[in-house]
Amino acid sequence: MSIDFPENKSETLNSDQPEIVQESGVLPGTLYLVATPIGNLADITERAITVLSEVDIIAAEDTRHSQKLLSSYGIKTKLISCHEHNEERITPRMLAELESGSSIALISDAGTPLISDPGYRLLACAYDKNLKVVPIPGVCAAIAALSVAGLATDRFAFEGFPPAKHGTRVHFFERLTEETRTMIFYVSCHRIVETLKDMKTIFGGQRRITFAREITKTYETIRRMQLSDLITWVETDNTQRKGEIVLVLEGKVLQDKNSTEFDSCLTVLLAELPLKQSVSLAAKISGANKNEVYRRALELKEF
């Protein structure tokens, strides 16, 4: 998943204030994708509680895990299992329920459904049958980590879980060496050290990275540093090798900011156009990170 935000606020989908809608109940024959907390139960929205309470069925990745959340809010809706091992088998049943007028809420163990979680097959089939699908937005670990990463957020790519095997993982990272967008990864705590070492091999020890562990939970830890320093810290503190981990990696920066060719191009643009427009064009021409181009433009204007 990759996101490129518009350059100007005027380019957003809707520049007006958010619409306040008071809905009365869920809609029949509708599939709701409901975001749930990733740690702190207070992060659930009022709308999510309403939908989970009023739908006919809740399809959960792990019913035992989700039951704890539902019980804490007194939600007694019928709960069924929908995970990667039974999704193909159970999808026809849920489609039949939707076509008969039942409403279904799809939830994952934590966070926003389908973000590295099961549910894609059900969602795709629902669209194929022209069934109504409604998102109930809320917490997402990837976005929460990105928001506090202290790295560029104007362009980013969600890369999910790197492969478990060393060789495949290295190849996975090699394909991202030219990526200029900030990259977000989910990493198993059992493979965090070896994953970081592979990152260092491919991206270099000086690359900045933000380590976000146990977001919204009691032992939440967020640190930004260079890859080499992060490896040392994680290796020497076994606490950092526990829990849910998100890594936010800086994209590739201009390899030669002082190159005559690039500086000449940027200098000409700055002489003829406003700073913002010059940076935008230079970033498009070079494929470089816009924030890095902006920093270089400021340096050139000082000369």
# chains A, B, ... in the order shown; residues from 1 in each chain; ligands from 1

$ residues_around --residues "range 143-153 of chain A" --least-positions-apart "5" --cutoff "7 Å" --atoms "only C-alpha atoms" --output "PyMOL selection string"
chain A and resi 182+210+212+224+246+248+250+291

$ write_last_selection --atoms "N, CA and C atoms" --output "mmCIF file, in the first residue's frame"
data_model
loop_
_atom_site.group_PDB
_atom_site.id
_atom_site.type_symbol
_atom_site.label_atom_id
_atom_site.label_comp_id
_atom_site.auth_asym_id
_atom_site.auth_seq_id
_atom_site.Cartn_x
_atom_site.Cartn_y
_atom_site.Cartn_z
ATOM 1 N N THR A 182 9.107 7.010 2.503
ATOM 2 C CA THR A 182 9.241 6.389 3.817
ATOM 3 C C THR A 182 8.548 5.028 3.777
ATOM 4 N N THR A 210 12.706 4.484 12.676
ATOM 5 C CA THR A 210 11.964 4.644 13.923
ATOM 6 C C THR A 210 11.408 3.289 14.349
ATOM 7 N N ALA A 212 8.920 1.389 16.752
ATOM 8 C CA ALA A 212 7.701 1.615 17.528
ATOM 9 C C ALA A 212 7.204 0.270 18.050
ATOM 10 N N ARG A 224 13.767 6.902 17.596
ATOM 11 C CA ARG A 224 14.294 7.128 16.252
ATOM 12 C C ARG A 224 15.810 7.254 16.323
ATOM 13 N N VAL A 246 6.570 -2.157 14.994
ATOM 14 C CA VAL A 246 6.469 -1.503 13.688
ATOM 15 C C VAL A 246 7.771 -0.759 13.445
ATOM 16 N N VAL A 248 9.638 2.037 10.915
ATOM 17 C CA VAL A 248 9.418 3.059 9.900
ATOM 18 C C VAL A 248 10.791 3.503 9.399
ATOM 19 N N GLU A 250 13.456 5.382 6.788
ATOM 20 C CA GLU A 250 13.647 6.526 5.902
ATOM 21 C C GLU A 250 13.876 6.050 4.470
ATOM 22 N N ASN A 291 11.152 16.205 0.555
ATOM 23 C CA ASN A 291 11.701 16.896 1.729
ATOM 24 C C ASN A 291 13.204 17.091 1.596
#

$ residues_around --residues "Ala59 in chain A" --least-positions-apart "2" --cutoff "8 Å" --atoms "only C-alpha atoms" --output "ChimeraX atom specification"
/A:57,61,79-82,104-107

$ write_last_selection --atoms "N, CA and C atoms" --output "PDB file, in the first residue's frame"
ATOM      1  N   ILE A  57     -24.053 -10.296  12.723  1.00  0.00           N
ATOM      2  CA  ILE A  57     -22.923 -11.206  12.891  1.00  0.00           C
ATOM      3  C   ILE A  57     -21.619 -10.408  12.952  1.00  0.00           C
ATOM      4  N   GLU A  61     -11.114 -12.518  13.454  1.00  0.00           N
ATOM      5  CA  GLU A  61      -9.927 -13.308  13.142  1.00  0.00           C
ATOM      6  C   GLU A  61      -9.695 -14.376  14.201  1.00  0.00           C
ATOM      7  N   LEU A  79     -20.852 -14.252  17.217  1.00  0.00           N
ATOM      8  CA  LEU A  79     -19.461 -14.166  16.796  1.00  0.00           C
ATOM      9  C   LEU A  79     -19.068 -15.429  16.030  1.00  0.00           C
ATOM     10  N   ILE A  80     -18.498 -15.250  14.834  1.00  0.00           N
ATOM     11  CA  ILE A  80     -17.995 -16.389  14.073  1.00  0.00           C
ATOM     12  C   ILE A  80     -16.540 -16.140  13.704  1.00  0.00           C
ATOM     13  N   SER A  81     -15.839 -17.198  13.334  1.00  0.00           N
ATOM     14  CA  SER A  81     -14.417 -17.102  13.027  1.00  0.00           C
ATOM     15  C   SER A  81     -14.180 -16.900  11.534  1.00  0.00           C
ATOM     16  N   CYS A  82     -13.283 -15.980  11.206  1.00  0.00           N
ATOM     17  CA  CYS A  82     -12.870 -15.744   9.813  1.00  0.00           C
ATOM     18  C   CYS A  82     -11.382 -15.427   9.817  1.00  0.00           C
ATOM     19  N   ILE A 104     -23.090  -7.731   8.572  1.00  0.00           N
ATOM     20  CA  ILE A 104     -21.917  -8.387   9.142  1.00  0.00           C
ATOM     21  C   ILE A 104     -20.816  -7.358   9.397  1.00  0.00           C
ATOM     22  N   ALA A 105     -20.179  -7.453  10.549  1.00  0.00           N
ATOM     23  CA  ALA A 105     -19.013  -6.622  10.858  1.00  0.00           C
ATOM     24  C   ALA A 105     -17.780  -7.512  10.821  1.00  0.00           C
ATOM     25  N   LEU A 106     -16.784  -7.118  10.047  1.00  0.00           N
ATOM     26  CA  LEU A 106     -15.517  -7.840   9.973  1.00  0.00           C
ATOM     27  C   LEU A 106     -14.493  -7.120  10.839  1.00  0.00           C
ATOM     28  N   ILE A 107     -13.881  -7.848  11.775  1.00  0.00           N
ATOM     29  CA  ILE A 107     -12.839  -7.253  12.611  1.00  0.00           C
ATOM     30  C   ILE A 107     -11.612  -8.164  12.609  1.00  0.00           C
TER      31      ILE A 107
END

$ closest_residue --among "A:Glu214, A:Thr201, A:Thr50, A:Arg207" --to "Leu230 in chain A" --atoms "only C-alpha atoms"
A:Arg207

$ residues_around --residues "range 294-301 of chain A" --least-positions-apart "6" --cutoff "9 Å" --atoms "only C-alpha atoms" --output "list of chain:residue names"
A:Lys257, A:Asn258, A:Asp263, A:Leu266, A:Thr267, A:Leu270, A:Leu275, A:Lys276, A:Ser278, A:Val279, A:Ser280, A:Ala283

$ select_by_dssp --residues "range 84-171 of chain A" --states "strand (DSSP E or B)" --output "MDAnalysis selection string"
chainID A and resid 104:107 111 132:136 155:160

$ select_by_dssp --residues "range 240-297 of chain A" --states "alpha helix (DSSP H)" --output "ChimeraX atom specification"
/A:260-272,275-286,290-297

$ write_last_selection --atoms "N, CA and C atoms" --output "compact mmCIF listing (two decimals), in the first residue's frame"
# COMPACT_ATOMS: atom_id res chain seq x y z
N THR A 260 26.90 18.40 -9.74
CA THR A 260 26.75 19.60 -10.58
C THR A 260 25.46 19.56 -11.37
N GLU A 261 25.13 18.39 -11.89
CA GLU A 261 23.95 18.27 -12.74
C GLU A 261 22.67 18.58 -11.98
N PHE A 262 22.50 17.97 -10.81
CA PHE A 262 21.28 18.20 -10.05
C PHE A 262 21.22 19.63 -9.53
N ASP A 263 22.32 20.11 -8.96
CA ASP A 263 22.33 21.46 -8.41
C ASP A 263 22.08 22.50 -9.49
N SER A 264 22.62 22.27 -10.68
CA SER A 264 22.42 23.22 -11.78
C SER A 264 20.95 23.29 -12.15
N CYS A 265 20.33 22.12 -12.23
CA CYS A 265 18.90 22.07 -12.57
C CYS A 265 18.08 22.79 -11.50
N LEU A 266 18.35 22.50 -10.24
CA LEU A 266 17.60 23.11 -9.16
C LEU A 266 17.84 24.61 -9.09
N THR A 267 19.06 25.03 -9.34
CA THR A 267 19.39 26.46 -9.33
C THR A 267 18.63 27.22 -10.39
N VAL A 268 18.52 26.65 -11.59
CA VAL A 268 17.77 27.29 -12.67
C VAL A 268 16.30 27.40 -12.30
N LEU A 269 15.76 26.35 -11.74
CA LEU A 269 14.36 26.37 -11.34
C LEU A 269 14.11 27.44 -10.27
N LEU A 270 15.02 27.54 -9.31
CA LEU A 270 14.86 28.51 -8.23
C LEU A 270 14.94 29.95 -8.75
N ALA A 271 15.70 30.13 -9.82
CA ALA A 271 15.85 31.47 -10.39
C ALA A 271 14.60 31.92 -11.14
N GLU A 272 13.83 30.94 -11.61
CA GLU A 272 12.67 31.26 -12.45
C GLU A 272 11.32 31.06 -11.77
N LEU A 275 9.88 28.87 -4.68
CA LEU A 275 10.54 27.75 -4.02
C LEU A 275 9.72 26.47 -4.08
N LYS A 276 8.46 26.54 -3.70
CA LYS A 276 7.63 25.33 -3.64
C LYS A 276 7.50 24.67 -5.00
N GLN A 277 7.29 25.47 -6.03
CA GLN A 277 7.14 24.92 -7.37
C GLN A 277 8.45 24.34 -7.87
N SER A 278 9.56 25.01 -7.54
CA SER A 278 10.88 24.52 -7.94
C SER A 278 11.17 23.16 -7.32
N VAL A 279 10.87 23.04 -6.04
CA VAL A 279 11.10 21.78 -5.33
C VAL A 279 10.25 20.67 -5.92
N SER A 280 8.99 20.99 -6.20
CA SER A 280 8.08 19.98 -6.75
C SER A 280 8.57 19.46 -8.09
N LEU A 281 8.99 20.36 -8.97
CA LEU A 281 9.47 19.95 -10.28
C LEU A 281 10.78 19.17 -10.18
N ALA A 282 11.69 19.63 -9.31
CA ALA A 282 12.98 18.95 -9.16
C ALA A 282 12.79 17.54 -8.62
N ALA A 283 11.84 17.38 -7.68
CA ALA A 283 11.57 16.06 -7.12
C ALA A 283 11.01 15.12 -8.18
N LYS A 284 10.13 15.65 -9.03
CA LYS A 284 9.55 14.82 -10.09
C LYS A 284 10.61 14.44 -11.13
N ILE A 285 11.49 15.37 -11.45
CA ILE A 285 12.53 15.10 -12.45
C ILE A 285 13.53 14.07 -11.95
N SER A 286 13.94 14.21 -10.68
CA SER A 286 15.00 13.36 -10.13
C SER A 286 14.48 12.09 -9.47
N LYS A 290 10.90 14.59 -1.74
CA LYS A 290 10.63 16.02 -1.82
C LYS A 290 11.19 16.79 -0.63
N ASN A 291 11.15 16.21 0.55
CA ASN A 291 11.70 16.90 1.73
C ASN A 291 13.20 17.09 1.60
N GLU A 292 13.89 16.09 1.02
CA GLU A 292 15.33 16.20 0.82
C GLU A 292 15.65 17.28 -0.22
N VAL A 293 14.85 17.33 -1.28
CA VAL A 293 15.05 18.36 -2.31
C VAL A 293 14.81 19.74 -1.70
N TYR A 294 13.80 19.83 -0.83
CA TYR A 294 13.49 21.11 -0.19
C TYR A 294 14.68 21.59 0.66
N ARG A 295 15.28 20.65 1.42
CA ARG A 295 16.44 21.02 2.24
C ARG A 295 17.60 21.49 1.36
N ARG A 296 17.79 20.80 0.24
CA ARG A 296 18.88 21.20 -0.65
C ARG A 296 18.60 22.56 -1.28
N ALA A 297 17.34 22.82 -1.62
CA ALA A 297 16.98 24.10 -2.21
C ALA A 297 17.26 25.25 -1.24

$ atom_distance --atom1 "CA of Ser188 in chain A" --atom2 "CA of Leu176 in chain A"
19.6 Å

$ residues_around --residues "Val253 in chain A" --least-positions-apart "6" --cutoff "7 Å" --atoms "only C-alpha atoms" --output "list in words"
Thr180, Ala288, Asn289 and Glu292 of chain A

$ atom_distance --atom1 "CA of Gly29 in chain A" --atom2 "CA of Asp128 in chain A"
14.2 Å

$ closest_residue --among "A:Ile245, A:Thr30, A:Ala157, A:Lys68" --to "Ser102 in chain A" --atoms "only C-alpha atoms"
A:Thr30

$ atom_distance --atom1 "CA of Glu174 in chain A" --atom2 "CA of Ile202 in chain A"
6.3 Å

$ residues_around --residues "Glu194 in chain A" --least-positions-apart "6" --cutoff "12 Å" --atoms "only C-alpha atoms" --output "number ranges by chain"
A: 162-167, 169-170, 187-188, 200-201, 231-232, 234-235, 241

$ write_last_selection --atoms "C-alpha atoms" --output "tab-separated table (two decimals), in the first residue's frame"
chain	number	residue	atom	x	y	z
A	162	PRO	CA	9.18	-8.96	5.50
A	163	PRO	CA	9.66	-12.66	4.63
A	164	ALA	CA	10.66	-15.00	7.47
A	165	LYS	CA	13.57	-16.69	5.65
A	166	HIS	CA	16.89	-14.84	5.48
A	167	GLY	CA	17.54	-15.21	1.75
A	169	ARG	CA	14.04	-11.35	3.14
A	170	VAL	CA	17.30	-9.97	1.74
A	187	VAL	CA	8.14	-7.24	12.19
A	188	SER	CA	7.81	-10.26	14.45
A	200	LYS	CA	21.64	-2.61	7.61
A	201	THR	CA	23.29	-4.79	4.98
A	231	ILE	CA	20.64	-2.88	16.32
A	232	THR	CA	23.00	-2.36	19.24
A	234	VAL	CA	17.79	-3.94	20.63
A	235	GLU	CA	20.50	-6.58	21.04
A	241	ARG	CA	12.56	-8.01	21.55
